[in-house]
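Participant: So here's target35.txt, just compact mmCIF, C-alpha atoms:
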```
# COMPACT_ATOMS: atom_id res chain seq x y z
CA MET J 1 34.26 -90.37 -21.41
CA ARG J 2 33.17 -87.04 -22.78
CA SER J 3 31.53 -84.69 -20.34
CA LYS J 4 28.47 -82.94 -21.38
CA ARG J 5 28.28 -79.22 -20.91
CA VAL J 6 24.94 -77.98 -19.92
CA VAL J 7 24.21 -74.74 -21.60
CA GLU J 8 21.62 -72.69 -19.81
CA GLU J 9 19.63 -70.43 -21.95
CA SER J 10 19.54 -66.92 -20.54
CA HIS J 11 16.16 -65.29 -20.39
CA ASP J 12 15.56 -61.52 -20.28
CA ASN J 13 13.31 -60.38 -17.37
CA LYS J 14 10.73 -58.37 -19.26
CA GLU J 15 8.93 -57.34 -16.02
CA ARG J 16 11.92 -55.57 -14.48
CA TRP J 17 10.33 -52.17 -15.28
CA LEU J 18 7.69 -52.83 -12.62
CA ILE J 19 10.32 -52.37 -9.88
CA THR J 20 11.31 -48.95 -11.22
CA TYR J 21 7.65 -47.99 -11.60
CA SER J 22 6.80 -48.98 -8.01
CA ASP J 23 9.80 -47.02 -6.70
CA LEU J 24 8.65 -43.96 -8.64
CA ILE J 25 5.09 -44.22 -7.27
CA THR J 26 6.46 -44.51 -3.71
CA LEU J 27 8.64 -41.43 -4.15
CA LEU J 28 5.72 -39.45 -5.56
CA MET J 29 3.55 -40.43 -2.62
CA ILE J 30 6.24 -39.33 -0.15
CA PHE J 31 6.64 -36.04 -2.05
CA PHE J 32 2.92 -35.22 -1.85
CA VAL J 33 2.76 -36.17 1.83
CA VAL J 34 5.63 -33.80 2.57
CA MET J 35 4.00 -31.04 0.51
CA TYR J 36 0.73 -31.49 2.40
CA ALA J 37 2.51 -31.35 5.75
CA ILE J 38 4.25 -28.11 4.76
CA SER J 39 1.04 -26.50 3.52
CA ASP J 40 -0.77 -27.32 6.79
CA VAL J 41 1.23 -24.76 8.84
CA ASN J 42 -0.97 -22.50 10.99
CA SER J 43 -0.25 -19.22 9.22
CA LYS J 44 -1.91 -17.07 11.91
CA LYS J 45 0.23 -18.51 14.70
CA LEU J 46 3.34 -18.24 12.54
CA ALA J 47 2.58 -14.59 11.75
CA ALA J 48 1.87 -13.83 15.40
CA LEU J 49 5.19 -15.39 16.41
CA ALA J 50 7.01 -13.35 13.77
CA HIS J 51 5.35 -10.13 15.00
CA SER J 52 6.22 -10.97 18.60
CA LEU J 53 9.88 -11.68 17.78
CA THR J 54 10.12 -8.49 15.72
CA GLN J 55 8.69 -6.42 18.56
CA ALA J 56 11.03 -8.04 21.08
CA LEU J 57 14.14 -7.55 18.95
CA ILE J 58 13.66 -4.12 17.35
CA GLY J 59 10.57 -2.64 19.00
CA SER J 60 7.42 -1.35 17.31
CA PRO J 61 6.93 2.41 17.10
CA SER J 62 3.46 3.89 17.02
CA SER J 63 2.05 4.78 13.65
CA GLY J 64 -0.01 7.79 14.58
CA ILE J 65 -3.11 9.14 16.30
CA PHE J 66 -6.65 8.39 15.21
CA GLN J 67 -8.05 11.47 13.56
CA GLY J 68 -11.25 12.05 11.65
CA GLU J 69 -14.44 10.06 11.50
CA GLY J 70 -13.71 8.38 8.18
CA LEU J 71 -10.08 7.35 8.79
CA SER J 72 -9.50 3.65 9.42
CA LEU J 73 -6.18 2.75 11.03
CA VAL J 74 -7.25 -0.45 12.77
CA GLU J 75 -6.79 -3.73 10.92
CA GLY J 76 -6.85 -7.36 11.86
CA PHE J 77 -8.85 -7.19 15.08
CA GLN J 78 -11.00 -10.23 15.76
CA GLY J 79 -12.72 -11.69 18.79
CA ILE J 80 -10.88 -14.49 20.53
CA GLY J 81 -12.24 -18.00 20.49
CA THR J 82 -13.20 -18.08 16.77
CA PRO J 83 -14.06 -21.66 15.73
CA ALA J 84 -11.22 -23.28 13.83
CA GLY J 85 -13.47 -24.60 11.06
CA SER J 86 -15.04 -21.29 10.06
CA SER J 87 -15.25 -20.53 6.36
CA GLU J 88 -13.21 -17.71 4.80
CA ARG J 89 -16.36 -15.68 4.31
CA ALA J 90 -17.36 -16.10 7.96
CA GLU J 91 -13.84 -15.15 9.09
CA GLY J 92 -13.87 -12.07 6.86
CA ALA J 93 -17.22 -10.95 8.25
CA SER J 94 -16.03 -11.53 11.82
CA GLU J 95 -12.83 -9.56 11.29
CA GLN J 96 -14.70 -6.73 9.62
CA GLY J 97 -17.20 -6.58 12.48
CA ALA J 98 -14.48 -6.66 15.13
CA THR J 99 -12.48 -4.00 13.30
CA SER J 100 -15.56 -1.76 13.10
CA ASN J 101 -16.09 -2.17 16.84
CA VAL J 102 -12.52 -1.14 17.64
CA GLU J 103 -12.69 1.80 15.25
CA GLU J 104 -15.89 3.00 16.88
CA VAL J 105 -14.31 2.71 20.33
CA ALA J 106 -11.29 4.67 19.05
CA ARG J 107 -13.59 7.45 17.83
CA GLU J 108 -15.43 7.50 21.17
CA LEU J 109 -12.13 7.72 23.03
CA ASN J 110 -10.99 10.60 20.84
CA ARG J 111 -14.25 12.44 21.55
CA LEU J 112 -13.74 11.84 25.27
CA VAL J 113 -10.21 13.24 25.08
CA GLU J 114 -11.37 16.34 23.22
CA THR J 115 -14.43 17.08 25.38
CA SER J 116 -12.42 16.53 28.57
CA GLY J 117 -9.68 18.93 27.48
CA LEU J 118 -7.06 16.18 27.66
CA THR J 119 -5.51 16.63 24.22
CA GLY J 120 -1.76 16.28 24.64
CA GLN J 121 -2.14 14.27 27.86
CA VAL J 122 -4.12 11.29 26.53
CA ALA J 123 -3.45 9.88 23.05
CA ILE J 124 -5.05 7.05 21.09
CA THR J 125 -2.42 5.41 18.89
CA GLN J 126 -2.27 2.42 16.59
CA GLU J 127 0.75 0.12 16.89
CA GLU J 128 1.69 -3.28 15.52
CA ARG J 129 0.52 -4.97 18.73
CA GLY J 130 -2.84 -3.17 18.81
CA LEU J 131 -4.70 -0.03 19.83
CA VAL J 132 -3.00 1.91 22.64
CA VAL J 133 -4.63 4.35 25.09
CA ARG J 134 -1.63 6.36 26.31
CA MET J 135 -2.14 8.43 29.47
CA ALA J 136 0.47 10.80 30.85
CA GLU J 137 1.44 10.77 34.51
CA THR J 138 0.15 14.32 34.96
CA VAL J 139 -3.41 13.22 34.30
CA LEU J 140 -3.24 10.18 36.60
CA PHE J 141 -0.85 10.40 39.54
CA PRO J 142 1.05 12.88 41.69
CA LYS J 143 4.74 12.69 40.85
CA GLY J 144 6.42 9.63 42.43
CA SER J 145 3.07 8.21 43.61
CA ALA J 146 0.87 5.29 42.52
CA GLU J 147 -2.32 6.69 44.04
CA LEU J 148 -4.84 7.88 41.46
CA THR J 149 -6.47 11.26 41.79
CA PRO J 150 -10.30 11.19 41.92
CA GLN J 151 -10.44 12.72 38.43
CA ALA J 152 -8.04 10.08 37.11
CA LYS J 153 -10.12 7.27 38.59
CA GLU J 154 -13.22 8.65 36.88
CA LEU J 155 -11.35 8.93 33.56
CA ILE J 156 -10.05 5.35 33.71
CA THR J 157 -13.52 4.09 34.64
CA ARG J 158 -15.04 5.78 31.59
CA VAL J 159 -12.28 4.49 29.32
CA GLY J 160 -12.71 0.98 30.72
CA LYS J 161 -16.47 0.98 30.11
CA MET J 162 -15.80 1.81 26.45
CA LEU J 163 -13.31 -1.07 26.22
CA ALA J 164 -15.44 -3.60 28.15
CA PRO J 165 -17.59 -4.75 25.18
CA LEU J 166 -14.54 -5.62 23.06
CA PRO J 167 -13.47 -9.30 23.07
CA ASN J 168 -9.73 -8.56 22.87
CA TYR J 169 -7.24 -9.02 25.67
CA LEU J 170 -6.06 -5.86 27.44
CA ARG J 171 -2.61 -5.18 28.86
CA VAL J 172 -1.80 -2.31 31.24
CA GLU J 173 1.79 -1.10 30.99
CA GLY J 174 3.60 1.19 33.44
CA HIS J 175 6.47 3.49 32.38
CA THR J 176 8.69 6.05 34.14
CA ASP J 177 11.53 8.41 33.24
CA ASN J 178 15.14 7.60 34.12
CA LEU J 179 15.44 9.68 37.29
CA PRO J 180 16.38 7.51 40.29
CA ILE J 181 13.41 6.76 42.52
CA ARG J 182 13.26 8.85 45.71
CA ALA J 183 10.18 7.40 47.39
CA ALA J 184 11.08 5.07 50.25
CA SER J 185 8.22 2.69 49.36
CA TYR J 186 9.70 1.77 45.97
CA TYR J 187 13.06 0.13 45.42
CA SER J 188 13.35 1.25 41.77
CA ASN J 189 11.38 2.70 38.88
CA TRP J 190 10.25 -0.82 38.04
CA GLU J 191 8.32 -1.05 41.30
CA LEU J 192 6.73 2.35 40.81
CA ALA J 193 5.70 1.55 37.22
CA ALA J 194 4.33 -1.83 38.32
CA ALA J 195 2.33 -0.29 41.16
CA ARG J 196 0.80 2.26 38.79
CA ALA J 197 -0.11 -0.38 36.20
CA LEU J 198 -1.78 -2.52 38.87
CA THR J 199 -3.67 0.46 40.27
CA VAL J 200 -5.15 1.15 36.84
CA LEU J 201 -5.88 -2.57 36.33
CA HIS J 202 -7.89 -2.78 39.57
CA VAL J 203 -10.02 0.20 38.52
CA LEU J 204 -10.76 -1.50 35.20
CA VAL J 205 -11.93 -4.61 37.05
CA LYS J 206 -13.83 -3.05 39.96
CA GLU J 207 -15.28 0.08 38.36
CA SER J 208 -15.48 -0.74 34.64
CA GLY J 209 -16.55 -4.38 35.00
CA ILE J 210 -13.86 -5.86 32.76
CA SER J 211 -13.28 -9.57 33.34
CA PRO J 212 -9.94 -10.20 35.13
CA GLU J 213 -9.17 -13.02 32.68
CA ARG J 214 -8.85 -10.44 29.93
CA LEU J 215 -6.34 -8.28 31.80
CA SER J 216 -2.63 -8.33 32.55
CA ALA J 217 -0.20 -5.75 33.94
CA THR J 218 3.47 -5.22 33.22
CA SER J 219 6.22 -2.79 34.21
CA TYR J 220 8.84 -1.40 31.85
CA GLY J 221 10.23 1.09 34.34
CA GLU J 222 12.52 3.57 32.58
CA PHE J 223 13.59 1.19 29.83
CA ARG J 224 10.97 1.80 27.10
CA PRO J 225 11.03 5.60 26.69
CA LEU J 226 9.07 7.28 23.92
CA VAL J 227 11.69 10.03 23.60
CA PRO J 228 15.17 10.62 25.07
CA ASN J 229 15.14 11.68 28.72
CA ASP J 230 17.11 14.84 27.97
CA SER J 231 14.60 17.47 29.13
CA GLU J 232 11.78 17.83 31.66
CA GLU J 233 9.27 17.96 28.80
CA ASN J 234 10.54 14.68 27.37
CA MET J 235 10.70 12.99 30.77
CA ALA J 236 7.07 13.97 31.33
CA LYS J 237 6.17 12.20 28.07
CA ASN J 238 7.92 9.03 29.23
CA ARG J 239 6.09 8.93 32.58
CA ARG J 240 2.88 7.25 31.45
CA VAL J 241 0.49 4.30 31.66
CA ASP J 242 -0.60 2.54 28.47
CA ILE J 243 -3.72 0.42 28.09
CA VAL J 244 -3.16 -1.86 25.08
CA ILE J 245 -6.06 -3.56 23.26
CA LEU J 246 -4.10 -6.46 21.79
CA ARG J 247 -4.69 -7.75 18.29
CA GLU J 248 -6.35 -11.14 18.05
CA ASN J 249 -3.34 -12.83 16.45
CA PHE J 250 -1.25 -12.09 19.56
CA ASN J 251 -3.42 -14.59 21.45
CA ALA J 252 -1.33 -17.32 19.82
CA VAL J 253 1.78 -16.19 21.72
CA GLU J 254 0.07 -15.00 24.92
CA PRO J 255 -1.19 -17.31 27.69
CA HIS J 256 -4.93 -17.55 27.14
CA GLN J 257 -8.00 -19.73 27.47
CA GLU J 258 -9.79 -21.00 24.38
CA LYS J 259 -13.15 -19.49 25.19
CA LYS J 260 -15.30 -16.49 24.43
CA PHE J 261 -15.73 -13.78 27.01
```
If you convert what's in this file into structure tokens, what do you get?

Facilitator:
Amino acid sequence: MRSKRVVEESHDNKERWLITYSDLITLLMIFFVVMYAISDVNSKKLAALAHSLTQALIGSPSSGIFQGEGLSLVEGFQGIGTPAGSSERAEGASEQGATSNVEEVARELNRLVETSGLTGQVAITQEERGLVVRMAETVLFPKGSAELTPQAKELITRVGKMLAPLPNYLRVEGHTDNLPIRAASYYSNWELAAARALTVLHVLVKESGISPERLSATSYGEFRPLVPNDSEENMAKNRRVDIVILRENFNAVEPHQEKKF
């Protein structure tokens, strides 16, 4: 008996291209999602982190003293607590207004330095981290002491009242030379520098009316000199207290509250 062979007719699947098409659409969707996620990086916080790391690793030298009424060396200052949804035009106007305020304060501080005969002892400098009011030990404290002279207290009070209207955070930094500490009340230069920074901070709060939430104090001791400690003149330059008006973008890497002062 002859067996019958069943011959199945093969059919081409003419809709096979739909599978490739759907795979392509899926890949494109994933690509655009990834691109959107990358583009949504907070550029201000990223820039602030980069500035902070650069300062920590290689330091940030000052870029000069404010001179002249028409010279603008302050850029990027802005009040803290700016709404996240502000338009570019609103942000530009806010930054311009904040910058103008800081520049005006810088000019007022320079006039104070000149009229008080403190040129060479108090300097207003612009650095990557912000505007710095640099005061030498000779205008603030007796050598080896953290007790302000009456004239120094008056000076800091006047400086603080000029800084009070600004919205930026302020940091008070204490520095010494590298001579070993001789005062029995301080274990090292770190303690002396810290005590001096805190003394200045308390005057800014009590006499100038600056909100404590805006202030911090730190001690660098002998380890952040402006110049080598190889002469008495240079050591005198290194013994100082700095009041730093921090740039707004440093708020992203500093502990802070999301509110306006």

Participant: For the atom pair atom CA of Arg247 of chain J and atom CA of Val105 of chain J, what is the interatomic distance in Å to one decimal place?

Facilitator: 14.4 Å

Participant: Report as a compact mmCIF listing (two decimals) with C-alpha atoms, keeping the file's coordinate frame all protein, DNA and RNA residues lying within 10 Å of Leu170 of chain J, evaluated on all atoms listed in the file, omitting residues in the same chain fewer than 5 positions from it.

Facilitator:
```
# COMPACT_ATOMS: atom_id res chain seq x y z
CA GLY J 130 -2.84 -3.17 18.81
CA LEU J 131 -4.70 -0.03 19.83
CA VAL J 132 -3.00 1.91 22.64
CA LEU J 163 -13.31 -1.07 26.22
CA ALA J 164 -15.44 -3.60 28.15
CA LEU J 201 -5.88 -2.57 36.33
CA ILE J 210 -13.86 -5.86 32.76
CA PRO J 212 -9.94 -10.20 35.13
CA GLU J 213 -9.17 -13.02 32.68
CA ARG J 214 -8.85 -10.44 29.93
CA LEU J 215 -6.34 -8.28 31.80
CA SER J 216 -2.63 -8.33 32.55
CA ALA J 217 -0.20 -5.75 33.94
CA ILE J 243 -3.72 0.42 28.09
CA VAL J 244 -3.16 -1.86 25.08
CA ILE J 245 -6.06 -3.56 23.26
CA LEU J 246 -4.10 -6.46 21.79
CA ARG J 247 -4.69 -7.75 18.29
```

Participant: List every protein, DNA or RNA residue with an atom no more than 6 Å from (-5.4, 13.7, 42.2) in the file's coordinates, counting only C-alpha atoms, and format the result as an MDAnalysis selection string.

Facilitator: chainID J and resid 148:150

Participant: Just how far from atom CA of Glu222 of chain J is atom CA of Pro180 of chain J, in Å to one decimal?

Facilitator: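 Interatomic distance here is 9.5 Å.
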
Participant: Set the distance at 8 Å and use only C-alpha atoms: which residues neighbour Val241 of chain J once local chain neighbours fewer than 5 positions away are removed? I'd like the list as a list in words.

Facilitator: Arg134, Met135, Ala136, Glu137, Val172, Glu173, Gly174, His175, Arg196 and Ala197 of chain J

Participant: Okay, now the selection with C-alpha atoms, as a short mmCIF file (atom, residue, chain, number, x, y, z; two decimals), in the coordinates of the input?

Facilitator:
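To be explicit, this is the file written out as result-v8.cif:
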```
data_model
loop_
_atom_site.label_atom_id
_atom_site.label_comp_id
_atom_site.auth_asym_id
_atom_site.auth_seq_id
_atom_site.Cartn_x
_atom_site.Cartn_y
_atom_site.Cartn_z
CA ARG J 134 -1.63 6.36 26.31
CA MET J 135 -2.14 8.43 29.47
CA ALA J 136 0.47 10.80 30.85
CA GLU J 137 1.44 10.77 34.51
CA VAL J 172 -1.80 -2.31 31.24
CA GLU J 173 1.79 -1.10 30.99
CA GLY J 174 3.60 1.19 33.44
CA HIS J 175 6.47 3.49 32.38
CA ARG J 196 0.80 2.26 38.79
CA ALA J 197 -0.11 -0.38 36.20
#
```
